[in-house]
file input_12.cif (mmCIF, C-alpha atoms and all ligand atoms)
data_entry
#
loop_
_atom_site.label_atom_id
_atom_site.label_comp_id
_atom_site.auth_asym_id
_atom_site.auth_seq_id
_atom_site.Cartn_x
_atom_site.Cartn_y
_atom_site.Cartn_z
CA MET A 1 13.98 9.92 0.37
CA ALA A 2 12.17 7.59 2.78
CA ASN A 3 11.75 3.81 2.79
CA ILE A 4 9.23 2.94 5.46
CA VAL A 5 8.00 -0.33 6.93
CA ILE A 6 4.38 -0.52 8.11
CA ALA A 7 3.96 -3.16 10.82
CA GLY A 8 1.05 -4.33 12.95
CA THR A 9 1.70 -3.95 16.69
CA GLN A 10 -1.04 -6.17 18.14
CA TRP A 11 -2.60 -9.39 16.74
CA GLY A 12 -3.26 -8.15 13.21
CA ASP A 13 -6.33 -6.32 11.89
CA GLU A 14 -5.02 -2.95 13.13
CA GLY A 15 -6.16 -1.17 9.97
CA LYS A 16 -2.88 -1.37 8.05
CA GLY A 17 -4.66 -1.48 4.69
CA LYS A 18 -6.15 1.97 5.06
CA ILE A 19 -2.85 3.48 6.23
CA VAL A 20 -0.86 1.84 3.42
CA ASP A 21 -3.40 3.09 0.92
CA LEU A 22 -3.13 6.59 2.37
CA LEU A 23 0.68 6.72 2.50
CA ALA A 24 0.98 5.08 -0.91
CA GLU A 25 -0.05 8.42 -2.43
CA ASN A 26 3.44 9.77 -1.69
CA ALA A 27 5.38 6.52 -2.14
CA ASP A 28 6.56 5.09 -5.46
CA VAL A 29 6.71 1.37 -4.74
CA ILE A 30 4.68 -0.76 -2.33
CA VAL A 31 5.97 -4.19 -1.45
CA ARG A 32 4.55 -6.96 0.71
CA PHE A 33 7.16 -9.10 2.43
CA GLN A 34 5.48 -11.93 4.36
CA GLY A 35 2.32 -13.92 4.95
CA GLY A 36 -0.19 -14.80 2.30
CA ASN A 37 -3.92 -14.66 1.81
CA ASN A 38 -4.46 -15.18 5.54
CA ALA A 39 -4.22 -11.37 5.59
CA GLY A 40 -7.11 -9.21 4.55
CA HIS A 41 -6.54 -5.50 4.11
CA THR A 42 -9.72 -3.48 3.86
CA MET A 43 -9.89 -0.10 2.13
CA VAL A 44 -12.93 2.10 1.69
CA ILE A 45 -12.85 4.65 -1.09
CA LYS A 46 -15.96 6.68 -1.87
CA ASP A 47 -18.33 4.02 -0.50
CA ARG A 48 -16.55 1.26 -2.39
CA LYS A 49 -14.97 -1.37 -0.22
CA PHE A 50 -11.93 -3.34 -1.43
CA ILE A 51 -10.34 -6.21 0.45
CA CYS A 52 -6.87 -7.22 -0.76
CA HIS A 53 -5.48 -10.50 0.55
CA LEU A 54 -2.30 -10.68 -1.51
CA ILE A 55 -1.90 -7.67 -3.76
CA PRO A 56 -0.36 -4.73 -1.86
CA SER A 57 -2.98 -2.18 -0.87
CA GLY A 58 -1.10 0.50 -2.88
CA ILE A 59 -2.55 -0.92 -6.09
CA LEU A 60 -5.57 1.38 -5.67
CA GLN A 61 -3.25 4.39 -5.92
CA GLY A 62 -1.88 3.09 -9.22
CA LYS A 63 1.58 2.62 -7.70
CA LEU A 64 4.12 -0.06 -8.57
CA CYS A 65 3.27 -3.03 -6.33
CA MET A 66 5.44 -6.03 -5.53
CA ILE A 67 4.89 -9.40 -3.91
CA GLY A 68 8.16 -10.25 -2.19
CA ASN A 69 9.94 -13.58 -1.84
CA GLY A 70 8.80 -13.82 1.80
CA LEU A 71 5.18 -14.46 0.84
CA VAL A 72 3.42 -17.74 0.25
CA VAL A 73 1.12 -17.28 -2.72
CA ASP A 74 -2.03 -19.12 -3.70
CA PRO A 75 -2.09 -18.47 -7.46
CA GLU A 76 -5.81 -19.12 -7.70
CA VAL A 77 -6.53 -16.42 -5.10
CA LEU A 78 -4.07 -14.03 -6.71
CA LEU A 79 -5.70 -14.42 -10.13
CA GLN A 80 -9.17 -13.94 -8.62
CA GLU A 81 -8.00 -10.77 -6.87
CA MET A 82 -6.44 -9.45 -10.08
CA ASP A 83 -9.68 -10.17 -11.90
CA THR A 84 -11.85 -8.39 -9.30
CA LEU A 85 -9.61 -5.32 -9.27
CA SER A 86 -9.38 -5.19 -13.02
CA LYS A 87 -13.19 -5.41 -13.34
CA ALA A 88 -13.37 -2.43 -10.95
CA GLY A 89 -11.22 -0.49 -13.44
CA ILE A 90 -7.95 -0.78 -11.49
CA ASN A 91 -4.79 -1.46 -13.48
CA VAL A 92 -3.18 -4.77 -12.44
CA GLY A 93 -0.99 -5.32 -15.51
CA PRO A 94 2.59 -6.66 -15.38
CA LYS A 95 4.04 -3.13 -15.50
CA ILE A 96 2.38 -2.31 -12.19
CA LEU A 97 2.36 -5.66 -10.39
CA LYS A 98 5.50 -7.76 -9.90
CA ILE A 99 5.80 -11.16 -8.24
CA SER A 100 9.07 -12.45 -6.81
CA ASP A 101 10.36 -15.54 -8.59
CA LYS A 102 11.43 -16.80 -5.15
CA ALA A 103 7.99 -16.59 -3.50
CA HIS A 104 6.65 -20.02 -2.54
CA LEU A 105 3.42 -21.44 -3.92
CA ILE A 106 0.52 -22.63 -1.84
CA MET A 107 -0.51 -25.95 -3.37
CA PRO A 108 -3.85 -27.79 -2.99
CA TYR A 109 -2.25 -30.27 -0.55
CA HIS A 110 -1.16 -27.43 1.75
CA LYS A 111 -4.75 -26.29 2.13
CA LYS A 112 -5.96 -29.86 2.69
CA ILE A 113 -3.31 -30.47 5.36
CA ASP A 114 -4.04 -27.15 7.12
CA GLU A 115 -7.73 -28.01 7.32
CA ALA A 116 -7.31 -31.68 8.26
CA ARG A 117 -4.76 -30.87 10.94
CA GLU A 118 -6.90 -28.15 12.50
CA ASN A 119 -9.96 -30.44 12.49
CA LYS A 120 -8.01 -33.20 14.22
CA LYS A 121 -6.70 -30.91 16.96
CA GLY A 122 -9.82 -30.49 19.10
CA ASP A 123 -9.09 -28.16 22.02
CA ASP A 124 -5.57 -27.32 20.83
CA LYS A 125 -6.80 -25.59 17.68
CA ILE A 126 -4.74 -22.54 16.66
CA GLY A 127 -7.73 -21.09 14.83
CA THR A 128 -5.85 -20.84 11.52
CA THR A 129 -7.46 -19.16 8.57
CA GLY A 130 -7.23 -22.55 6.81
CA ARG A 131 -5.52 -21.10 3.74
CA GLY A 132 -2.53 -23.48 3.77
CA ILE A 133 -0.12 -20.85 5.10
CA GLY A 134 1.59 -22.99 7.80
CA PRO A 135 2.10 -26.13 5.67
CA THR A 136 3.57 -24.02 2.83
CA TYR A 137 6.10 -22.34 5.14
CA GLU A 138 6.91 -25.82 6.53
CA ASP A 139 7.80 -27.04 3.05
CA LYS A 140 9.86 -23.89 2.49
CA ALA A 141 11.87 -24.56 5.68
CA SER A 142 12.28 -28.24 4.89
CA ARG A 143 13.45 -27.38 1.36
CA ARG A 144 10.62 -29.12 -0.44
CA GLY A 145 8.65 -26.03 -1.43
CA ILE A 146 7.84 -25.04 -5.00
CA ARG A 147 8.55 -21.44 -5.94
CA PHE A 148 7.44 -19.38 -8.95
CA VAL A 149 10.84 -19.95 -10.53
CA GLU A 150 10.21 -23.71 -10.49
CA LEU A 151 6.60 -23.29 -11.60
CA LEU A 152 7.85 -21.57 -14.74
CA ASP A 153 10.28 -24.41 -15.51
CA ASN A 154 8.00 -27.18 -16.81
CA ASP A 155 10.36 -30.14 -16.26
CA LEU A 156 11.50 -29.07 -12.84
CA PHE A 157 7.93 -28.36 -11.79
CA GLU A 158 6.71 -31.77 -12.92
CA GLU A 159 9.50 -33.56 -11.07
CA MET A 160 8.98 -31.62 -7.84
CA LEU A 161 5.22 -31.87 -7.95
CA THR A 162 5.28 -35.64 -8.58
CA ASN A 163 7.46 -36.17 -5.51
CA ALA A 164 5.41 -33.81 -3.37
CA VAL A 165 2.03 -35.30 -4.30
CA GLU A 166 3.28 -38.83 -3.61
CA GLU A 167 4.41 -37.84 -0.12
CA LYS A 168 1.42 -35.62 0.72
CA ASN A 169 -1.07 -38.24 -0.49
CA PHE A 170 0.52 -40.78 1.84
CA TYR A 171 0.20 -38.32 4.74
CA LEU A 172 -3.36 -37.27 3.87
CA GLN A 173 -4.59 -40.83 3.37
CA GLN A 174 -2.75 -42.63 6.15
CA PHE A 175 -2.77 -40.02 8.88
CA PHE A 176 -5.91 -37.99 8.19
CA ASN A 177 -8.02 -40.58 6.40
CA GLN A 178 -8.57 -38.15 3.52
CA LYS A 179 -9.02 -38.80 -0.19
CA LYS A 180 -5.85 -38.61 -2.28
CA LEU A 181 -5.20 -35.70 -4.61
CA ASP A 182 -5.02 -36.14 -8.38
CA LEU A 183 -1.53 -35.33 -9.70
CA ASN A 184 -2.69 -34.75 -13.30
CA LYS A 185 -5.40 -32.35 -12.22
CA ILE A 186 -2.96 -30.26 -10.17
CA THR A 187 -0.39 -30.30 -12.99
CA THR A 188 -2.90 -29.00 -15.53
CA GLN A 189 -4.27 -26.41 -13.10
CA TYR A 190 -0.82 -25.04 -12.16
CA ARG A 191 0.45 -25.07 -15.80
CA ARG A 192 -2.45 -22.75 -16.57
CA TYR A 193 -1.54 -20.48 -13.63
CA ALA A 194 2.09 -20.47 -14.81
CA GLU A 195 1.14 -19.14 -18.22
CA GLN A 196 -1.22 -16.52 -16.78
CA LEU A 197 1.30 -15.25 -14.23
CA ARG A 198 4.55 -15.62 -16.22
CA PRO A 199 4.63 -11.95 -17.35
CA TYR A 200 4.48 -10.79 -13.72
CA VAL A 201 7.29 -12.92 -12.29
CA THR A 202 10.63 -11.23 -11.77
CA ASP A 203 13.51 -10.77 -9.32
CA VAL A 204 11.88 -8.32 -6.90
CA SER A 205 15.16 -7.75 -5.03
CA VAL A 206 16.83 -6.48 -8.22
CA GLU A 207 13.84 -4.27 -9.05
CA LEU A 208 13.83 -2.80 -5.54
CA ASP A 209 17.55 -2.11 -5.68
CA GLN A 210 17.02 -0.25 -8.93
CA ALA A 211 14.18 1.72 -7.36
CA VAL A 212 16.42 2.74 -4.43
CA LYS A 213 19.19 3.78 -6.85
CA ASN A 214 16.67 5.89 -8.76
CA GLY A 215 15.69 7.70 -5.55
CA LYS A 216 12.22 6.15 -5.35
CA GLN A 217 10.38 5.93 -2.04
CA ILE A 218 9.42 2.45 -0.92
CA LEU A 219 6.68 1.37 1.44
CA PHE A 220 7.01 -2.12 2.92
CA GLU A 221 3.56 -3.43 3.79
CA GLY A 222 3.53 -5.88 6.70
CA ALA A 223 0.67 -8.28 7.34
CA GLN A 224 -0.66 -9.60 10.69
CA GLY A 225 0.96 -8.13 13.83
CA ALA A 226 3.93 -8.44 16.19
CA HIS A 227 2.09 -10.79 18.54
CA LEU A 228 1.38 -13.23 15.71
CA ASP A 229 5.11 -13.35 14.82
CA ILE A 230 6.44 -16.91 14.67
CA ASP A 231 9.37 -16.06 16.98
CA HIS A 232 8.08 -13.22 19.14
CA GLY A 233 4.32 -13.78 19.21
CA THR A 234 2.13 -15.84 21.52
CA TYR A 235 3.57 -19.12 20.23
CA PRO A 236 2.05 -21.53 19.20
CA PHE A 237 -0.98 -19.28 18.62
CA VAL A 238 0.83 -17.39 15.89
CA THR A 239 1.15 -17.32 12.14
CA SER A 240 4.04 -19.04 10.36
CA SER A 241 6.12 -16.04 9.33
CA ASN A 242 8.04 -13.21 10.99
CA THR A 243 5.66 -10.29 11.01
CA ILE A 244 7.99 -7.71 12.55
CA SER A 245 9.82 -5.00 10.62
CA GLY A 246 13.17 -6.84 10.41
CA ASN A 247 11.60 -9.33 8.05
CA ALA A 248 10.97 -6.60 5.48
CA CYS A 249 14.65 -7.06 4.58
CA CYS A 250 14.58 -10.86 4.21
CA GLY A 251 11.12 -10.99 2.68
CA ALA A 252 11.74 -8.36 0.02
CA GLY A 253 15.47 -8.88 -0.55
CA ILE A 254 16.79 -5.54 0.63
CA GLY A 255 19.45 -4.63 3.22
CA PRO A 256 18.61 -3.00 6.59
CA THR A 257 20.61 0.14 5.74
CA ARG A 258 18.03 0.99 3.07
CA ILE A 259 15.16 1.26 5.59
CA THR A 260 14.67 4.73 7.04
CA GLY A 261 11.72 4.30 9.41
CA VAL A 262 9.11 1.97 10.85
CA LEU A 263 5.50 2.91 11.56
CA GLY A 264 3.61 0.69 13.97
CA ILE A 265 -0.14 0.49 13.52
CA ALA A 266 -2.24 0.08 16.67
CA LYS A 267 -5.97 0.08 17.13
CA ALA A 268 -7.18 2.41 19.91
CA TYR A 269 -8.27 -0.81 21.65
CA THR A 270 -7.22 -4.43 21.11
CA THR A 271 -8.69 -7.27 19.04
CA ARG A 272 -7.72 -10.80 18.24
CA VAL A 273 -9.17 -13.48 15.92
CA GLY A 274 -8.41 -17.12 16.40
CA ARG A 275 -7.22 -18.71 19.61
CA GLY A 276 -4.54 -17.75 22.11
CA PRO A 277 -3.94 -15.60 25.21
CA PHE A 278 -5.32 -12.06 25.27
CA PRO A 279 -4.88 -10.43 28.71
CA THR A 280 -7.17 -7.40 28.22
CA GLU A 281 -10.03 -9.31 26.55
CA LEU A 282 -13.49 -8.09 27.57
CA PHE A 283 -16.37 -10.48 28.15
CA ASP A 284 -18.92 -7.82 29.11
CA ALA A 285 -21.23 -5.28 27.50
CA VAL A 286 -18.34 -2.89 26.74
CA GLY A 287 -16.60 -5.64 24.74
CA GLU A 288 -19.83 -6.13 22.79
CA ILE A 289 -20.21 -2.40 22.14
CA ILE A 290 -16.66 -2.22 20.78
CA GLN A 291 -17.22 -5.34 18.65
CA LYS A 292 -20.44 -3.91 17.17
CA THR A 293 -19.37 -0.27 16.80
CA GLY A 294 -16.01 -1.28 15.35
CA ALA A 295 -17.65 -3.92 13.07
CA GLU A 296 -15.00 -6.29 14.31
CA PHE A 297 -15.26 -9.23 11.95
CA GLY A 298 -12.20 -10.87 10.31
CA ALA A 299 -11.64 -9.57 6.75
CA THR A 300 -10.52 -13.04 5.61
CA THR A 301 -12.72 -15.48 7.50
CA GLY A 302 -15.63 -13.29 8.63
CA ARG A 303 -15.14 -14.55 12.22
CA LYS A 304 -16.16 -12.25 15.10
CA ARG A 305 -13.05 -10.67 16.57
CA ARG A 306 -12.41 -10.86 20.31
CA CYS A 307 -12.24 -7.30 21.72
CA GLY A 308 -10.52 -5.73 24.73
CA TRP A 309 -8.93 -2.62 26.20
CA LEU A 310 -5.74 -1.11 24.85
CA ASP A 311 -2.72 -3.00 26.18
CA THR A 312 0.48 -0.96 26.39
CA VAL A 313 2.54 -3.97 27.55
CA VAL A 314 1.74 -5.31 24.08
CA LEU A 315 2.50 -1.95 22.45
CA ARG A 316 5.83 -1.50 24.25
CA ASN A 317 6.80 -5.00 23.14
CA ALA A 318 6.00 -4.00 19.56
CA VAL A 319 7.93 -0.73 19.86
CA ARG A 320 11.05 -2.66 20.90
CA LEU A 321 10.72 -5.57 18.45
CA ASN A 322 10.05 -3.32 15.47
CA GLY A 323 12.25 -0.37 16.44
CA LEU A 324 9.24 1.85 15.83
CA SER A 325 9.94 5.40 14.77
CA GLY A 326 6.27 6.34 15.10
CA LEU A 327 2.81 5.06 15.95
CA VAL A 328 -0.45 5.20 14.04
CA ILE A 329 -3.60 4.96 16.15
CA THR A 330 -6.63 3.67 14.24
CA LYS A 331 -10.36 3.47 14.98
CA LEU A 332 -10.25 6.11 17.71
CA ASP A 333 -13.84 7.04 16.74
CA VAL A 334 -15.05 3.60 17.89
CA LEU A 335 -14.37 4.59 21.51
CA SER A 336 -16.60 7.71 21.35
CA GLY A 337 -19.54 7.46 23.74
CA LEU A 338 -17.93 5.26 26.38
CA ASP A 339 -18.03 6.84 29.86
CA THR A 340 -14.55 5.74 30.84
CA LEU A 341 -11.65 4.03 29.11
CA ASN A 342 -9.14 1.61 30.57
CA ILE A 343 -5.53 1.39 29.47
CA CYS A 344 -3.47 -1.58 30.62
CA ASN A 345 -0.04 -0.36 31.72
CA ALA A 346 1.30 -3.60 33.29
CA TYR A 347 0.27 -7.11 34.27
CA GLU A 348 0.05 -8.65 37.69
CA HIS A 349 1.23 -12.23 38.14
CA GLU A 350 1.18 -13.99 41.51
CA GLY A 351 1.46 -10.65 43.29
CA ALA A 352 4.33 -9.35 41.13
CA ARG A 353 4.15 -6.52 38.62
CA VAL A 354 5.06 -7.62 35.06
CA THR A 355 6.02 -4.96 32.51
CA ASP A 356 7.65 -7.10 29.81
CA PHE A 357 5.46 -9.35 27.69
CA PRO A 358 5.93 -12.93 29.04
CA SER A 359 7.14 -15.71 26.71
CA ASN A 360 5.57 -18.50 28.75
CA ARG A 361 1.98 -18.94 27.62
CA ARG A 362 0.82 -20.32 30.98
CA ILE A 363 2.22 -17.27 32.79
CA LEU A 364 0.67 -14.98 30.19
CA ALA A 365 -2.71 -16.69 30.56
CA ALA A 366 -2.49 -16.20 34.35
CA CYS A 367 -1.54 -12.49 34.09
CA ARG A 368 -4.18 -9.99 35.20
CA PRO A 369 -4.11 -6.59 33.49
CA VAL A 370 -3.35 -3.55 35.67
CA TYR A 371 -5.55 -0.72 34.44
CA GLU A 372 -5.56 3.03 34.73
CA THR A 373 -8.92 4.61 34.00
CA LEU A 374 -9.34 7.73 31.89
CA PRO A 375 -12.49 9.74 31.21
CA GLY A 376 -14.21 9.07 27.90
CA TRP A 377 -15.73 11.56 25.42
CA LYS A 378 -19.19 11.78 23.87
CA GLU A 379 -18.43 13.91 20.82
CA ASP A 380 -18.47 12.54 17.27
CA ILE A 381 -14.83 12.76 16.19
CA SER A 382 -15.20 11.21 12.76
CA LEU A 383 -14.77 14.57 10.99
CA ALA A 384 -11.72 15.77 12.95
CA LYS A 385 -8.97 16.96 10.62
CA ASN A 386 -6.37 18.08 13.17
CA ARG A 387 -5.28 16.86 16.55
CA ARG A 388 -6.65 20.07 18.05
CA ASP A 389 -10.16 19.24 16.69
CA LEU A 390 -10.33 16.32 19.12
CA PRO A 391 -12.12 16.58 22.48
CA LYS A 392 -9.94 17.16 25.55
CA ASN A 393 -10.42 13.60 26.83
CA ALA A 394 -9.49 12.05 23.48
CA LEU A 395 -6.28 14.10 23.56
CA LYS A 396 -5.60 12.89 27.12
CA TYR A 397 -6.02 9.30 25.93
CA LEU A 398 -3.57 9.83 23.07
CA ASP A 399 -1.06 11.68 25.28
CA ARG A 400 -1.10 8.78 27.74
CA ILE A 401 -0.44 6.27 24.94
CA GLU A 402 2.57 8.33 23.86
CA GLU A 403 3.87 8.47 27.44
CA LEU A 404 3.42 4.77 28.13
CA THR A 405 4.98 3.67 24.83
CA GLU A 406 7.57 6.46 24.68
CA THR A 407 6.65 6.78 21.03
CA HIS A 408 5.23 9.68 19.04
CA ILE A 409 1.84 9.30 17.33
CA ASP A 410 2.23 10.29 13.66
CA ILE A 411 -1.24 9.51 12.32
CA ILE A 412 -4.71 9.11 13.88
CA SER A 413 -7.55 7.43 12.02
CA VAL A 414 -11.09 8.49 12.95
CA GLY A 415 -13.13 6.56 10.35
CA PRO A 416 -12.75 4.07 7.49
CA GLU A 417 -12.49 6.63 4.65
CA ARG A 418 -9.17 8.00 3.37
CA ASN A 419 -10.13 11.54 4.38
CA GLN A 420 -11.06 10.53 7.95
CA THR A 421 -7.44 10.74 9.00
CA ILE A 422 -5.38 13.17 11.05
CA VAL A 423 -1.86 13.21 9.63
CA ILE A 424 0.60 14.78 12.03
CA ASN A 425 3.70 13.52 10.31
CA ASN A 426 3.79 11.81 6.91
CA PRO A 427 7.18 10.10 6.60
CA PHE A 428 7.08 10.33 2.79
CA ILE A 429 6.67 14.11 2.69
P1 LIG B 1 -2.66 -18.83 9.85
O1 LIG B 1 -1.76 -17.67 9.57
O2 LIG B 1 -3.80 -18.93 8.87
O3 LIG B 1 -1.92 -20.13 10.00
O4 LIG B 1 -3.37 -18.57 11.27
C1 LIG B 1 -2.64 -18.55 12.48
C2 LIG B 1 -3.22 -17.55 13.46
O5 LIG B 1 -2.98 -16.23 12.97
C3 LIG B 1 -4.74 -17.64 13.65
O6 LIG B 1 -5.06 -17.28 14.97
C4 LIG B 1 -5.28 -16.58 12.69
O7 LIG B 1 -6.55 -16.11 13.08
C5 LIG B 1 -4.20 -15.52 12.85
N1 LIG B 1 -4.09 -14.67 11.65
C6 LIG B 1 -3.51 -14.96 10.48
N2 LIG B 1 -3.57 -13.93 9.64
C7 LIG B 1 -4.19 -12.94 10.30
C8 LIG B 1 -4.52 -11.58 9.97
O8 LIG B 1 -4.22 -11.06 8.88
N3 LIG B 1 -5.16 -10.88 10.93
C9 LIG B 1 -5.45 -11.39 12.15
N4 LIG B 1 -5.16 -12.63 12.50
C10 LIG B 1 -4.52 -13.41 11.59
#
call {"tool": "encode", "arguments": {"input": "input_12.cif", "output": "structure tokens"}}
result
Amino acid sequence: MANIVIAGTQWGDEGKGKIVDLLAENADVIVRFQGGNNAGHTMVIKDRKFICHLIPSGILQGKLCMIGNGLVVDPEVLLQEMDTLSKAGINVGPKILKISDKAHLIMPYHKKIDEARENKKGDDKIGTTGRGIGPTYEDKASRRGIRFVELLDNDLFEEMLTNAVEEKNFYLQQFFNQKKLDLNKITTQYRRYAEQLRPYVTDVSVELDQAVKNGKQILFEGAQGAHLDIDHGTYPFVTSSNTISGNACCGAGIGPTRITGVLGIAKAYTTRVGRGPFPTELFDAVGEIIQKTGAEFGATTGRKRRCGWLDTVVLRNAVRLNGLSGLVITKLDVLSGLDTLNICNAYEHEGARVTDFPSNRRILAACRPVYETLPGWKEDISLAKNRRDLPKNALKYLDRIEELTETHIDIISVGPERNQTIVINNPFI
């Protein structure tokens, strides 16, 4: 029996959705444990593309899917997503989708504040997705948040919402010069959501415990990546939750002894959306080729992703922070055709070699990547089924990643489709 966490190792968008969808085939329960609809997990199945922002990617496999207490949920987005999936013939009924009663709700004022704050910031912009994620986690930490359990209690909800709207309207009007929000409108809107979502709301921790006792295999689906983690990422250019594997326990309500492994997902190169330091970023034609070939646009905001060489200082940081038991390398096919490939194995700062990811953002911004150059390959690898089907130089590239990260590669993705995957070790089998 395996209970595995899937975590992003870079700055998100590593291709976790595809891997979760693939591994979900042999798992019984898929649970998301942090973030919200800032995430966008893309899956391609027989030419049909699905992007899930909130519902765990395992829903396409017809597996039991849970939204843990660690998420912040926009009920409007959740209902839209359920509607889209259900119209595509995918079951999203309350027997298959469960929502934690302790998950916090994204409210209209959170989105307004996120937007107004970002607009006011000028050069200091974080580049948020503008979905209200940060302000909702702020209210959670300051003990003013509204959870599903309160949403379903009419009196409690009304009391909390009245207080919140009074305070947020003051902030929006006085500080941001924005129009005030209408309490009655929000009340009516959220009462409707409450009735639509009531059958889905449950204690996810209790359900997971039962699943473990029944010998079920659980897949914990992380969103974003280690370097967007609120504690360990490139603060303040981070998201507002802990994205590393340890948070699977807090964000789903399960103890660490129940987790049996952690798979870290890494793109064969590096990308980042939004602002913040990115030592191996490319500003030349190679960066453009990677951006175009990899179709590197944000799944949530459609923004062009910044692209760069693979950074193993970043990967080693993720190996340590997550306690990775294995790596998954995605989008290896995107690198086909390049004459040579660079791998960053350290940084150089004021003449000194840096091998641990710096916490100080000014030092990080001044770090120059130290590269080793490997030969590229020209072959189309998108149909490779085994590691031995790969060209010699692709194998060299993968071997070097394993050496530099001291971590075994368990899965290699060579295209967007489920069957374009080389599975060396499936932790659920
Ligand atoms: P927020 O999470 O919307 O507040 O955005 C904070 C930062 O995290 C911004 O730079 C976003 O672009 C980035 N971010 C948030 N979610 C994702 C994701 O799923 N993939 C990649 N970047 C993300």
call {"tool": "residues_around", "arguments": {"input": "input_12.cif", "residues": "Thr239 in chain A", "least_positions_apart": "5", "cutoff": "9 Å", "atoms": "all atoms listed in the file", "output": "tab-separated table (two decimals) with C-alpha atoms, in the frame of the given file"}}
result
chain	number	residue	atom	x	y	z
A	35	GLY	CA	2.32	-13.92	4.95
A	38	ASN	CA	-4.46	-15.18	5.54
A	128	THR	CA	-5.85	-20.84	11.52
A	133	ILE	CA	-0.12	-20.85	5.10
A	134	GLY	CA	1.59	-22.99	7.80
A	224	GLN	CA	-0.66	-9.60	10.69
A	228	LEU	CA	1.38	-13.23	15.71
A	229	ASP	CA	5.11	-13.35	14.82
A	230	ILE	CA	6.44	-16.91	14.67
A	233	GLY	CA	4.32	-13.78	19.21
call {"tool": "closest_residue", "arguments": {"input": "input_12.cif", "among": "A:Leu79, A:Ile290, A:Ala7, A:Met1", "to": "ligand LIG 1 (chain B)", "atoms": "all atoms listed in the file"}}
result
A:Ala7
call {"tool": "closest_residue", "arguments": {"input": "input_12.cif", "among": "A:Gln178, A:Thr162, A:Thr421, A:Ser413", "to": "Lys120 in chain A", "atoms": "all atoms listed in the file"}}
result
A:Gln178
call {"tool": "closest_atom_pairs", "arguments": {"input": "input_12.cif", "of": "chain A", "to": "ligand LIG 1 (chain B)", "cutoff": "8 Å", "atoms": "all atoms listed in the file", "output": "tab-separated table"}}
result
residue	atom	partner	partner_atom	distance
A:Trp11	CA	B:LIG1	C9	5.8
A:Gly12	CA	B:LIG1	N3	4.0
A:Asp13	CA	B:LIG1	N3	4.8
A:Gly35	CA	B:LIG1	O1	7.2
A:Gly36	CA	B:LIG1	O1	8.0
A:Asn37	CA	B:LIG1	N2	7.9
A:Asn38	CA	B:LIG1	N2	4.4
A:Ala39	CA	B:LIG1	O8	3.3
A:Gly40	CA	B:LIG1	O8	5.5
A:His41	CA	B:LIG1	O8	7.7
A:Asp114	CA	B:LIG1	O3	7.9
A:Ile126	CA	B:LIG1	O6	5.5
A:Gly127	CA	B:LIG1	O6	4.7
A:Thr128	CA	B:LIG1	O4	3.4
A:Thr129	CA	B:LIG1	O2	3.7
A:Gly130	CA	B:LIG1	O2	5.4
A:Arg131	CA	B:LIG1	O2	5.8
A:Gly132	CA	B:LIG1	O2	7.0
A:Ile133	CA	B:LIG1	O3	5.3
A:Gly134	CA	B:LIG1	O3	5.0
A:Ala223	CA	B:LIG1	O8	5.8
A:Gln224	CA	B:LIG1	O8	4.3
A:Gly225	CA	B:LIG1	N3	7.3
A:Leu228	CA	B:LIG1	O5	6.0
A:Phe237	CA	B:LIG1	O6	5.8
A:Val238	CA	B:LIG1	C2	4.7
A:Thr239	CA	B:LIG1	O1	3.9
A:Ser240	CA	B:LIG1	O1	6.0
A:Arg272	CA	B:LIG1	C9	6.5
A:Val273	CA	B:LIG1	O7	4.7
A:Gly274	CA	B:LIG1	O6	3.6
A:Arg275	CA	B:LIG1	O6	5.3
A:Gly276	CA	B:LIG1	O6	7.2
A:Gly298	CA	B:LIG1	C9	7.0
A:Ala299	CA	B:LIG1	N3	7.8
A:Thr300	CA	B:LIG1	O8	7.4
call {"tool": "atom_distance", "arguments": {"input": "input_12.cif", "atom1": "CA of Leu181 in chain A", "atom2": "CA of Lys112 in chain A"}}
result
9.4 Å
call {"tool": "closest_atom_pairs", "arguments": {"input": "input_12.cif", "of": "range 359-378 of chain A", "to": "range 392-410 of chain A", "cutoff": "12 Å", "atoms": "only C-alpha atoms", "output": "CSV"}}
result
residue,atom,partner,partner_atom,distance
A:Glu372,CA,A:Arg400,CA,10.1
A:Thr373,CA,A:Tyr397,CA,9.8
A:Leu374,CA,A:Tyr397,CA,7.0
A:Pro375,CA,A:Asn393,CA,6.2
A:Gly376,CA,A:Asn393,CA,6.0
A:Trp377,CA,A:Asn393,CA,5.9
A:Lys378,CA,A:Asn393,CA,9.4
call {"tool": "residues_around", "arguments": {"input": "input_12.cif", "residues": "range 144-160 of chain A", "least_positions_apart": "2", "cutoff": "8 Å", "atoms": "all atoms listed in the file", "output": "PyMOL selection string"}}
result
chain A and resi 100-105+136-137+139-142+162-164+187+190-191+194-195+198+201
call {"tool": "atom_distance", "arguments": {"input": "input_12.cif", "atom1": "CA of Thr243 in chain A", "atom2": "CA of Leu324 in chain A"}}
result
13.5 Å
call {"tool": "atom_distance", "arguments": {"input": "input_12.cif", "atom1": "CA of Val29 in chain A", "atom2": "CA of Val92 in chain A"}}
result
14.0 Å
call {"tool": "residues_around", "arguments": {"input": "input_12.cif", "residues": "Ala27 in chain A", "least_positions_apart": "4", "cutoff": "9 Å", "atoms": "all atoms listed in the file", "output": "list in words"}}
result
Ala2, Asn3, Leu23, Gly58, Lys63, Lys216, Gln217, Ile218, Leu219 and Phe428 of chain A
call {"tool": "residues_near_point", "arguments": {"input": "input_12.cif", "point": "(-4.3, -2.0, 21.3)", "cutoff": "9 Å", "atoms": "all atoms listed in the file", "output": "count of residues only"}}
result
19
